[in-house]
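Colleague: After the structure tokens below, expect a handful of questions from me.
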Amino acid sequence: MKEPPGEFELIARLCGKLPRTRRVILGPGDDCALLAPSPRPQLITVDSMVEGVHFNLQWGTPAMLGARALNVNLSDIAAMGGVPTSCVVNLAVRPGLDAGFFDGLYRGLRKAAAEAAVAVVGGNITRANQLSITITLLGEVETQAMRRDTARPGDKVYVTGNIGDAALGLRILQNKIPAVGSARNQLVKRFLQPRAQVAAGRKLARLQPTPAAIDISDGLWQDLGHILECSGVGARIISTRLPLSAAYRRVYGDDCDLALSGGDDYELLFCLRNEISEAALRRHLGVAVSCIGEITRDKQALLVNSTGNISAVSHRGWDQLRPS
């Protein structure tokens, strides 16, 4: 069985080429990182990815896994309309993984960090029975933070990009749904290589009044439910307006259940009070945008299907503490 390198050997190996920014006074190598103060309000988020729960090493490369681990956190900053700045990384390392694996993991992490202008300023390595990657990411509020508790009746509900692709890609990787060709490749890529909508989030936060927003990590219904609960409102969602990709439709047809309940899209779900066309929003944000419904006064989530039938829907999606 392969054994990982020793703790300090691995730290030295992984920290040699980490990206840094002007705010970093002291990076990896001391008891703490030392950052210059900022006059802006600070954002902080933490997320863990655990082998066998969030990923399988047979599904993609170590570099894909490293980039994905950071993008999961970047998506939380995007949902607040913030600017990501720096992060620390905790690795729980199991036997069977050699130095080459961690070189690849950090190659993907470094690339994602450089693209987002994030400094990796430190972390920790420990031994465990399962591989896990935990990243704590810091960010700043550039204008006004987007929150979950500011949706109001009459707001239009929007999503960026397509939804359901990543959930379908996961089920393809799990051999639960058959798919071949370009459609399979596109859907699997959406799961393995998500891209956080940081730039779109920053532009959204500049709108007035500031939108209510959340990222779609646990499924549209569940994440929309967090906005509804925090804001004390309801919503009516039109199923025919859900942005399903051509690849999704080729593999799964017009069935929107995965688009509603599946997670891992890392798109933005937001509520706007102003009447803005999808075309205008697309130009402003630089990404595809779809209006999928409206916020209502009654405190329930309703789905209007293609025949006009209306049904109440529970806010059930991915739950970290329940097996899938």
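Ordered as shown in the structure tokens, chains take letters A, B, and onward, while each chain numbers its residues from 1 and ligands are numbered from 1 in the order shown.
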I'd like the contact shell of Ala116 of chain A - 8 Å cut-off, only C-alpha atoms, skipping same-chain residues fewer than 3 positions apart - returned as a tab-separated table (two decimals) with N, CA and C atoms, in the first residue's frame.

Modeller:
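around-v1.tsv written:
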```
chain	number	residue	atom	x	y	z
A	84	PRO	N	-13.65	37.21	-3.12
A	84	PRO	CA	-12.81	36.27	-2.37
A	84	PRO	C	-11.39	36.79	-2.25
A	112	ALA	N	-7.20	27.26	-9.67
A	112	ALA	CA	-8.48	27.87	-9.32
A	112	ALA	C	-8.26	29.11	-8.45
A	113	ALA	N	-7.29	29.04	-7.53
A	113	ALA	CA	-7.01	30.18	-6.66
A	113	ALA	C	-6.46	31.35	-7.46
```

Colleague: Show which residues sit within 12 Å of Gly219 of chain A, as an mmCIF file with N, CA and C atoms, in the first residue's frame. Count only C-alpha atoms, and ignore same-chain residues fewer than 3 positions away.

Modeller:
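The resulting file, selection34.cif, is shown below:
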```
data_model
loop_
_atom_site.group_PDB
_atom_site.id
_atom_site.type_symbol
_atom_site.label_atom_id
_atom_site.label_comp_id
_atom_site.auth_asym_id
_atom_site.auth_seq_id
_atom_site.Cartn_x
_atom_site.Cartn_y
_atom_site.Cartn_z
ATOM 1 N N ILE A 163 -29.698 24.372 -14.757
ATOM 2 C CA ILE A 163 -29.764 23.630 -13.496
ATOM 3 C C ILE A 163 -30.105 22.169 -13.765
ATOM 4 N N GLY A 164 -29.626 21.312 -12.889
ATOM 5 C CA GLY A 164 -29.886 19.881 -13.006
ATOM 6 C C GLY A 164 -28.779 19.102 -13.685
ATOM 7 N N ASP A 165 -27.890 19.776 -14.408
ATOM 8 C CA ASP A 165 -26.833 19.072 -15.134
ATOM 9 C C ASP A 165 -25.907 18.304 -14.187
ATOM 10 N N ALA A 166 -25.476 18.961 -13.104
ATOM 11 C CA ALA A 166 -24.531 18.325 -12.190
ATOM 12 C C ALA A 166 -25.157 17.120 -11.493
ATOM 13 N N ALA A 167 -26.420 17.247 -11.086
ATOM 14 C CA ALA A 167 -27.099 16.126 -10.435
ATOM 15 C C ALA A 167 -27.226 14.946 -11.386
ATOM 16 N N LEU A 168 -27.508 15.243 -12.640
ATOM 17 C CA LEU A 168 -27.600 14.181 -13.641
ATOM 18 C C LEU A 168 -26.213 13.590 -13.908
ATOM 19 N N ILE A 214 -28.847 33.214 -3.113
ATOM 20 C CA ILE A 214 -28.266 32.005 -2.541
ATOM 21 C C ILE A 214 -27.648 31.238 -3.701
ATOM 22 N N ASP A 215 -26.658 30.402 -3.410
ATOM 23 C CA ASP A 215 -26.142 29.556 -4.483
ATOM 24 C C ASP A 215 -26.843 28.204 -4.441
ATOM 25 N N ILE A 216 -26.977 27.571 -5.605
ATOM 26 C CA ILE A 216 -27.693 26.292 -5.688
ATOM 27 C C ILE A 216 -26.682 25.169 -5.506
ATOM 28 N N GLN A 222 -34.609 23.142 -2.236
ATOM 29 C CA GLN A 222 -34.114 23.301 -0.873
ATOM 30 C C GLN A 222 -33.490 24.675 -0.672
ATOM 31 N N ASP A 223 -32.706 25.133 -1.643
ATOM 32 C CA ASP A 223 -32.057 26.426 -1.489
ATOM 33 C C ASP A 223 -33.051 27.579 -1.599
ATOM 34 N N LEU A 224 -34.027 27.469 -2.500
ATOM 35 C CA LEU A 224 -35.105 28.456 -2.528
ATOM 36 C C LEU A 224 -35.837 28.458 -1.198
ATOM 37 N N GLY A 225 -36.029 27.285 -0.617
ATOM 38 C CA GLY A 225 -36.702 27.194 0.675
ATOM 39 C C GLY A 225 -36.006 27.981 1.766
ATOM 40 N N HIS A 226 -34.674 28.053 1.709
ATOM 41 C CA HIS A 226 -33.942 28.851 2.701
ATOM 42 C C HIS A 226 -34.282 30.333 2.559
ATOM 43 N N CYS A 256 -38.316 17.448 -14.878
ATOM 44 C CA CYS A 256 -37.524 18.469 -14.185
ATOM 45 C C CYS A 256 -37.223 18.112 -12.736
ATOM 46 N N ASP A 257 -37.451 16.858 -12.323
ATOM 47 C CA ASP A 257 -37.272 16.547 -10.898
ATOM 48 C C ASP A 257 -35.823 16.724 -10.443
ATOM 49 N N LEU A 258 -34.847 16.338 -11.276
ATOM 50 C CA LEU A 258 -33.452 16.523 -10.876
ATOM 51 C C LEU A 258 -33.062 17.994 -10.901
ATOM 52 N N ALA A 259 -33.649 18.747 -11.809
ATOM 53 C CA ALA A 259 -33.377 20.182 -11.851
ATOM 54 C C ALA A 259 -33.890 20.880 -10.590
ATOM 55 N N LEU A 260 -34.929 20.332 -9.987
ATOM 56 C CA LEU A 260 -35.512 20.933 -8.784
ATOM 57 C C LEU A 260 -34.869 20.420 -7.501
ATOM 58 N N SER A 261 -34.512 19.136 -7.462
ATOM 59 C CA SER A 261 -34.058 18.541 -6.207
ATOM 60 C C SER A 261 -32.575 18.223 -6.174
ATOM 61 N N GLY A 262 -31.908 18.157 -7.351
ATOM 62 C CA GLY A 262 -30.496 17.806 -7.374
ATOM 63 C C GLY A 262 -29.619 18.977 -6.985
ATOM 64 N N GLY A 263 -28.446 18.693 -6.491
ATOM 65 C CA GLY A 263 -27.527 19.737 -6.064
ATOM 66 C C GLY A 263 -26.325 19.861 -6.972
ATOM 67 N N ASP A 264 -25.320 20.591 -6.485
ATOM 68 C CA ASP A 264 -23.998 20.714 -7.107
ATOM 69 C C ASP A 264 -23.959 21.580 -8.364
ATOM 70 N N ASP A 265 -25.018 22.349 -8.649
ATOM 71 C CA ASP A 265 -24.974 23.236 -9.810
ATOM 72 C C ASP A 265 -24.069 24.442 -9.563
ATOM 73 N N TYR A 266 -24.104 24.990 -8.348
ATOM 74 C CA TYR A 266 -23.359 26.187 -7.977
ATOM 75 C C TYR A 266 -23.671 27.371 -8.893
ATOM 76 N N GLU A 267 -24.930 27.413 -9.328
ATOM 77 C CA GLU A 267 -25.455 28.596 -9.987
ATOM 78 C C GLU A 267 -26.051 29.510 -8.918
ATOM 79 N N LEU A 268 -26.428 30.728 -9.304
ATOM 80 C CA LEU A 268 -27.031 31.674 -8.373
ATOM 81 C C LEU A 268 -28.543 31.723 -8.557
ATOM 82 N N LEU A 269 -29.257 31.692 -7.449
ATOM 83 C CA LEU A 269 -30.703 31.865 -7.403
ATOM 84 C C LEU A 269 -30.940 33.198 -6.702
ATOM 85 N N SER A 314 -42.376 20.339 -1.037
ATOM 86 C CA SER A 314 -41.563 20.469 0.166
ATOM 87 C C SER A 314 -40.167 20.911 -0.230
ATOM 88 N N HIS A 315 -39.452 21.543 0.682
ATOM 89 C CA HIS A 315 -38.109 22.055 0.414
ATOM 90 C C HIS A 315 -37.102 20.944 0.663
ATOM 91 N N ARG A 316 -37.182 19.869 -0.090
ATOM 92 C CA ARG A 316 -36.295 18.732 0.134
ATOM 93 C C ARG A 316 -35.273 18.627 -0.987
ATOM 94 N N GLY A 317 -34.035 18.567 -0.621
ATOM 95 C CA GLY A 317 -32.966 18.373 -1.578
ATOM 96 C C GLY A 317 -31.879 17.560 -0.933
ATOM 97 N N TRP A 318 -30.634 17.860 -1.285
ATOM 98 C CA TRP A 318 -29.502 17.159 -0.696
ATOM 99 C C TRP A 318 -29.378 17.523 0.777
ATOM 100 N N ASP A 319 -29.182 16.515 1.621
ATOM 101 C CA ASP A 319 -28.994 16.713 3.060
ATOM 102 C C ASP A 319 -27.692 16.040 3.445
#
```

Colleague: Might you pull out every residue within 9 Å of Arg23 of chain A, with only C-alpha atoms counted and same-chain residues fewer than 3 positions away left off, and present them as a PyMOL selection string?

Modeller: chain A and resi 20+34-38+85-86+119

Colleague: Include C-alpha atoms and write out the residues we just selected as a short mmCIF file (atom, residue, chain, number, x, y, z; two decimals), in the first residue's frame.

Modeller:
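To be explicit, this is the file written out as out.cif:
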```cif
data_model
loop_
_atom_site.label_atom_id
_atom_site.label_comp_id
_atom_site.auth_asym_id
_atom_site.auth_seq_id
_atom_site.Cartn_x
_atom_site.Cartn_y
_atom_site.Cartn_z
CA ARG A 20 -0.20 35.26 -2.88
CA LEU A 34 -0.70 37.43 8.78
CA LEU A 35 -2.97 39.60 6.62
CA ALA A 36 -3.16 43.35 6.23
CA PRO A 37 -6.43 44.80 7.61
CA SER A 38 -9.27 45.77 5.29
CA THR A 85 -9.40 37.11 -0.89
CA SER A 86 -7.60 34.28 0.92
CA ALA A 119 -4.16 33.67 -1.76
#
```

Colleague: Please extract the residues of segment 28-239 of chain A with a backbone DSSP assignment of alpha helix (DSSP H) and present them as a ChimeraX atom specification.

Modeller: /A:62-79,99-115,165-173,181-192,198-204,220-231

Colleague: Identify, on the basis of only C-alpha atoms, every residue whose closest approach to Leu204 of chain A does not exceed 8 Å; exclude the query and any residue fewer than 4 positions from it along the same chain; express the result as a list in words.

Modeller: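 Near Leu204 of chain A, the qualifying residues are Gly81, Ala200, Thr210, Pro211 and Leu285 of chain A.
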
Colleague: Put those residues in a file: N, CA and C atoms, as a compact mmCIF listing (two decimals), in the first residue's frame.

Modeller:
```txt
# COMPACT_ATOMS: atom_id res chain seq x y z
N GLY A 81 -22.33 38.14 -3.08
CA GLY A 81 -21.87 39.25 -3.90
C GLY A 81 -20.50 39.75 -3.50
N ALA A 200 -20.50 37.28 -11.62
CA ALA A 200 -21.94 37.60 -11.70
C ALA A 200 -22.47 38.03 -10.34
N THR A 210 -30.78 45.77 -3.27
CA THR A 210 -29.91 44.59 -3.31
C THR A 210 -30.75 43.31 -3.35
N PRO A 211 -30.49 42.41 -4.30
CA PRO A 211 -31.29 41.18 -4.39
C PRO A 211 -31.08 40.26 -3.19
N LEU A 285 -24.80 40.81 -16.29
CA LEU A 285 -24.08 39.81 -15.51
C LEU A 285 -23.04 39.04 -16.33
```

Colleague: To one decimal in Å, tell me the separation between atom CA of Ile44 of chain A and atom CA of Leu207 of chain A.

Modeller: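 Separating atom CA of Ile44 of chain A from atom CA of Leu207 of chain A is a distance of 22.5 Å.
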
Colleague: Where does segment 189-252 of chain A meet segment 58-65 of chain A within 10 Å, residue by residue, with the nearest atom pair and distance in Å to one decimal for each, counting only C-alpha atoms, listed by chain and rising number, as a Markdown table?

Modeller:
```
| residue | atom | partner | partner_atom | distance |
| --- | --- | --- | --- | --- |
| A:Lys189 | CA | A:Gly60 | CA | 9.3 |
| A:Leu192 | CA | A:Met64 | CA | 6.6 |
| A:Gln193 | CA | A:Met64 | CA | 6.3 |
| A:Pro194 | CA | A:Met64 | CA | 9.4 |
```

Colleague: Just write the chosen residues, C-alpha atoms, as an mmCIF file, in the first residue's frame.

Modeller:
```
data_model
loop_
_atom_site.group_PDB
_atom_site.id
_atom_site.type_symbol
_atom_site.label_atom_id
_atom_site.label_comp_id
_atom_site.auth_asym_id
_atom_site.auth_seq_id
_atom_site.Cartn_x
_atom_site.Cartn_y
_atom_site.Cartn_z
ATOM 1 C CA LYS A 189 -18.082 17.794 -16.489
ATOM 2 C CA LEU A 192 -16.632 17.310 -11.678
ATOM 3 C CA GLN A 193 -15.664 20.845 -12.720
ATOM 4 C CA PRO A 194 -18.138 23.419 -11.362
#
```

Colleague: Would you mind telling me which residue in A:Ile125, A:Gly66, A:His54, A:Thr307 lies nearest to Gly104 of chain A when using only C-alpha atoms?

Modeller: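 So, comparing all the options, the nearest one is A:Gly66.
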
Colleague: Tell me which of A:Val50, A:Val24, A:Met146, A:Leu91 sits closest to Val118 of chain A, counting only C-alpha atoms.

Modeller: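 Of all the options, A:Val24 lies closest to Val118 of chain A.
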
Colleague: For atom CA of Gly308 of chain A and atom CA of Asp255 of chain A, determine how far apart the two atoms are, in Å to one decimal place.

Modeller: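 About the pair atom CA of Gly308 of chain A and atom CA of Asp255 of chain A: they are 15.4 Å apart.
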
Colleague: Measuring atom to atom with only C-alpha atoms, identify which of A:Arg127, A:Arg249, A:Arg282, A:Lys111 is nearest to Asn90 of chain A.

Modeller: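 Using only C-alpha atoms, Asn90 of chain A sits closest to A:Arg127.
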
Colleague: Which is closer to Asp149 of chain A than all the others in A:Gly96, A:Gly232, A:Gly253, A:Pro39, using only C-alpha atoms?

Modeller: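 For Asp149 of chain A, the nearest of the given residues is A:Gly232.
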
Colleague: Give me every strand (DSSP E or B) residue in segment 138-225 of chain A, going by DSSP on the backbone, as a list in words.

Modeller: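 Across segment 138-225 of chain A, those assigned strand (DSSP E or B) are Leu138, Gly139, Glu140, Val141, Arg147, Lys156, Val157, Tyr158, Val159, Thr160, Ala212, Ala213, Ile214 and Asp215 of chain A.
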
Colleague: Those same residues - C-alpha atoms - I'd like them written as a PDB file, in the first residue's frame.

Modeller:
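What landed in result11.pdb:
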```pdb
ATOM      1  CA  LEU A 138     -12.253  34.725   3.413  1.00  0.00           C
ATOM      2  CA  GLY A 139     -13.807  37.462   1.340  1.00  0.00           C
ATOM      3  CA  GLU A 140     -14.882  41.090   1.434  1.00  0.00           C
ATOM      4  CA  VAL A 141     -18.141  42.917   0.868  1.00  0.00           C
ATOM      5  CA  ARG A 147     -28.662  37.959   1.929  1.00  0.00           C
ATOM      6  CA  LYS A 156     -39.157  37.888  -9.694  1.00  0.00           C
ATOM      7  CA  VAL A 157     -37.116  34.728  -9.115  1.00  0.00           C
ATOM      8  CA  TYR A 158     -34.132  34.155 -11.397  1.00  0.00           C
ATOM      9  CA  VAL A 159     -31.380  31.586 -11.848  1.00  0.00           C
ATOM     10  CA  THR A 160     -28.112  31.799 -13.725  1.00  0.00           C
ATOM     11  CA  ALA A 212     -31.917  38.277  -2.042  1.00  0.00           C
ATOM     12  CA  ALA A 213     -29.638  35.481  -3.209  1.00  0.00           C
ATOM     13  CA  ILE A 214     -28.266  32.005  -2.541  1.00  0.00           C
ATOM     14  CA  ASP A 215     -26.142  29.556  -4.483  1.00  0.00           C
TER      15      ASP A 215
END
```

Colleague: So the first atom is atom CA of Leu137 of chain A and the second is atom CA of Thr45 of chain A; what is the distance between them in Å, to one decimal place?

Modeller: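 These atoms are spaced 5.4 Å apart.
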
Colleague: Of the candidates A:Asn274, A:Gly234, A:Tyr248, A:Ala69, which one gets nearest to Pro153 of chain A if we count only C-alpha atoms?

Modeller: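 Looking at the shortest contact to Pro153 of chain A, the residue is A:Gly234.
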
Colleague: Could you tell me which of A:Arg202, A:Arg152, A:His284, A:Arg94 comes closest to Met80 of chain A if we count only C-alpha atoms?

Modeller: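 Closest to Met80 of chain A, using only C-alpha atoms: A:Arg202.
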
Colleague: Which residues are close to Ile295 of chain A, i.e. within 10 Å by only C-alpha atoms, leaving aside same-chain residues fewer than 4 positions away? Reply as a ChimeraX atom specification.

Modeller: /A:151-157,228,233-237,271-273,299-301

Colleague: Write the residues you've just listed into a file as a PDB file, in the first residue's frame, and include C-alpha atoms for each of them.

Modeller:
```pdb
ATOM      1  CA  ALA A 151     -37.052  38.694  -0.662  1.00  0.00           C
ATOM      2  CA  ARG A 152     -40.451  40.432  -0.870  1.00  0.00           C
ATOM      3  CA  PRO A 153     -43.800  39.549  -2.506  1.00  0.00           C
ATOM      4  CA  GLY A 154     -43.751  40.561  -6.144  1.00  0.00           C
ATOM      5  CA  ASP A 155     -40.029  39.910  -6.605  1.00  0.00           C
ATOM      6  CA  LYS A 156     -39.157  37.888  -9.694  1.00  0.00           C
ATOM      7  CA  VAL A 157     -37.116  34.728  -9.115  1.00  0.00           C
ATOM      8  CA  LEU A 228     -38.510  31.707   1.681  1.00  0.00           C
ATOM      9  CA  VAL A 233     -42.591  34.544   2.015  1.00  0.00           C
ATOM     10  CA  GLY A 234     -43.652  31.940  -0.552  1.00  0.00           C
ATOM     11  CA  ALA A 235     -42.958  31.372  -4.244  1.00  0.00           C
ATOM     12  CA  ARG A 236     -44.650  30.181  -7.405  1.00  0.00           C
ATOM     13  CA  ILE A 237     -42.248  28.484  -9.826  1.00  0.00           C
ATOM     14  CA  CYS A 271     -34.907  37.635  -6.336  1.00  0.00           C
ATOM     15  CA  LEU A 272     -35.271  41.058  -7.961  1.00  0.00           C
ATOM     16  CA  ARG A 273     -37.816  43.749  -7.200  1.00  0.00           C
ATOM     17  CA  LYS A 299     -45.673  30.986   2.867  1.00  0.00           C
ATOM     18  CA  GLN A 300     -45.428  27.950   0.621  1.00  0.00           C
ATOM     19  CA  ALA A 301     -43.587  26.881  -2.501  1.00  0.00           C
TER      20      ALA A 301
END
```
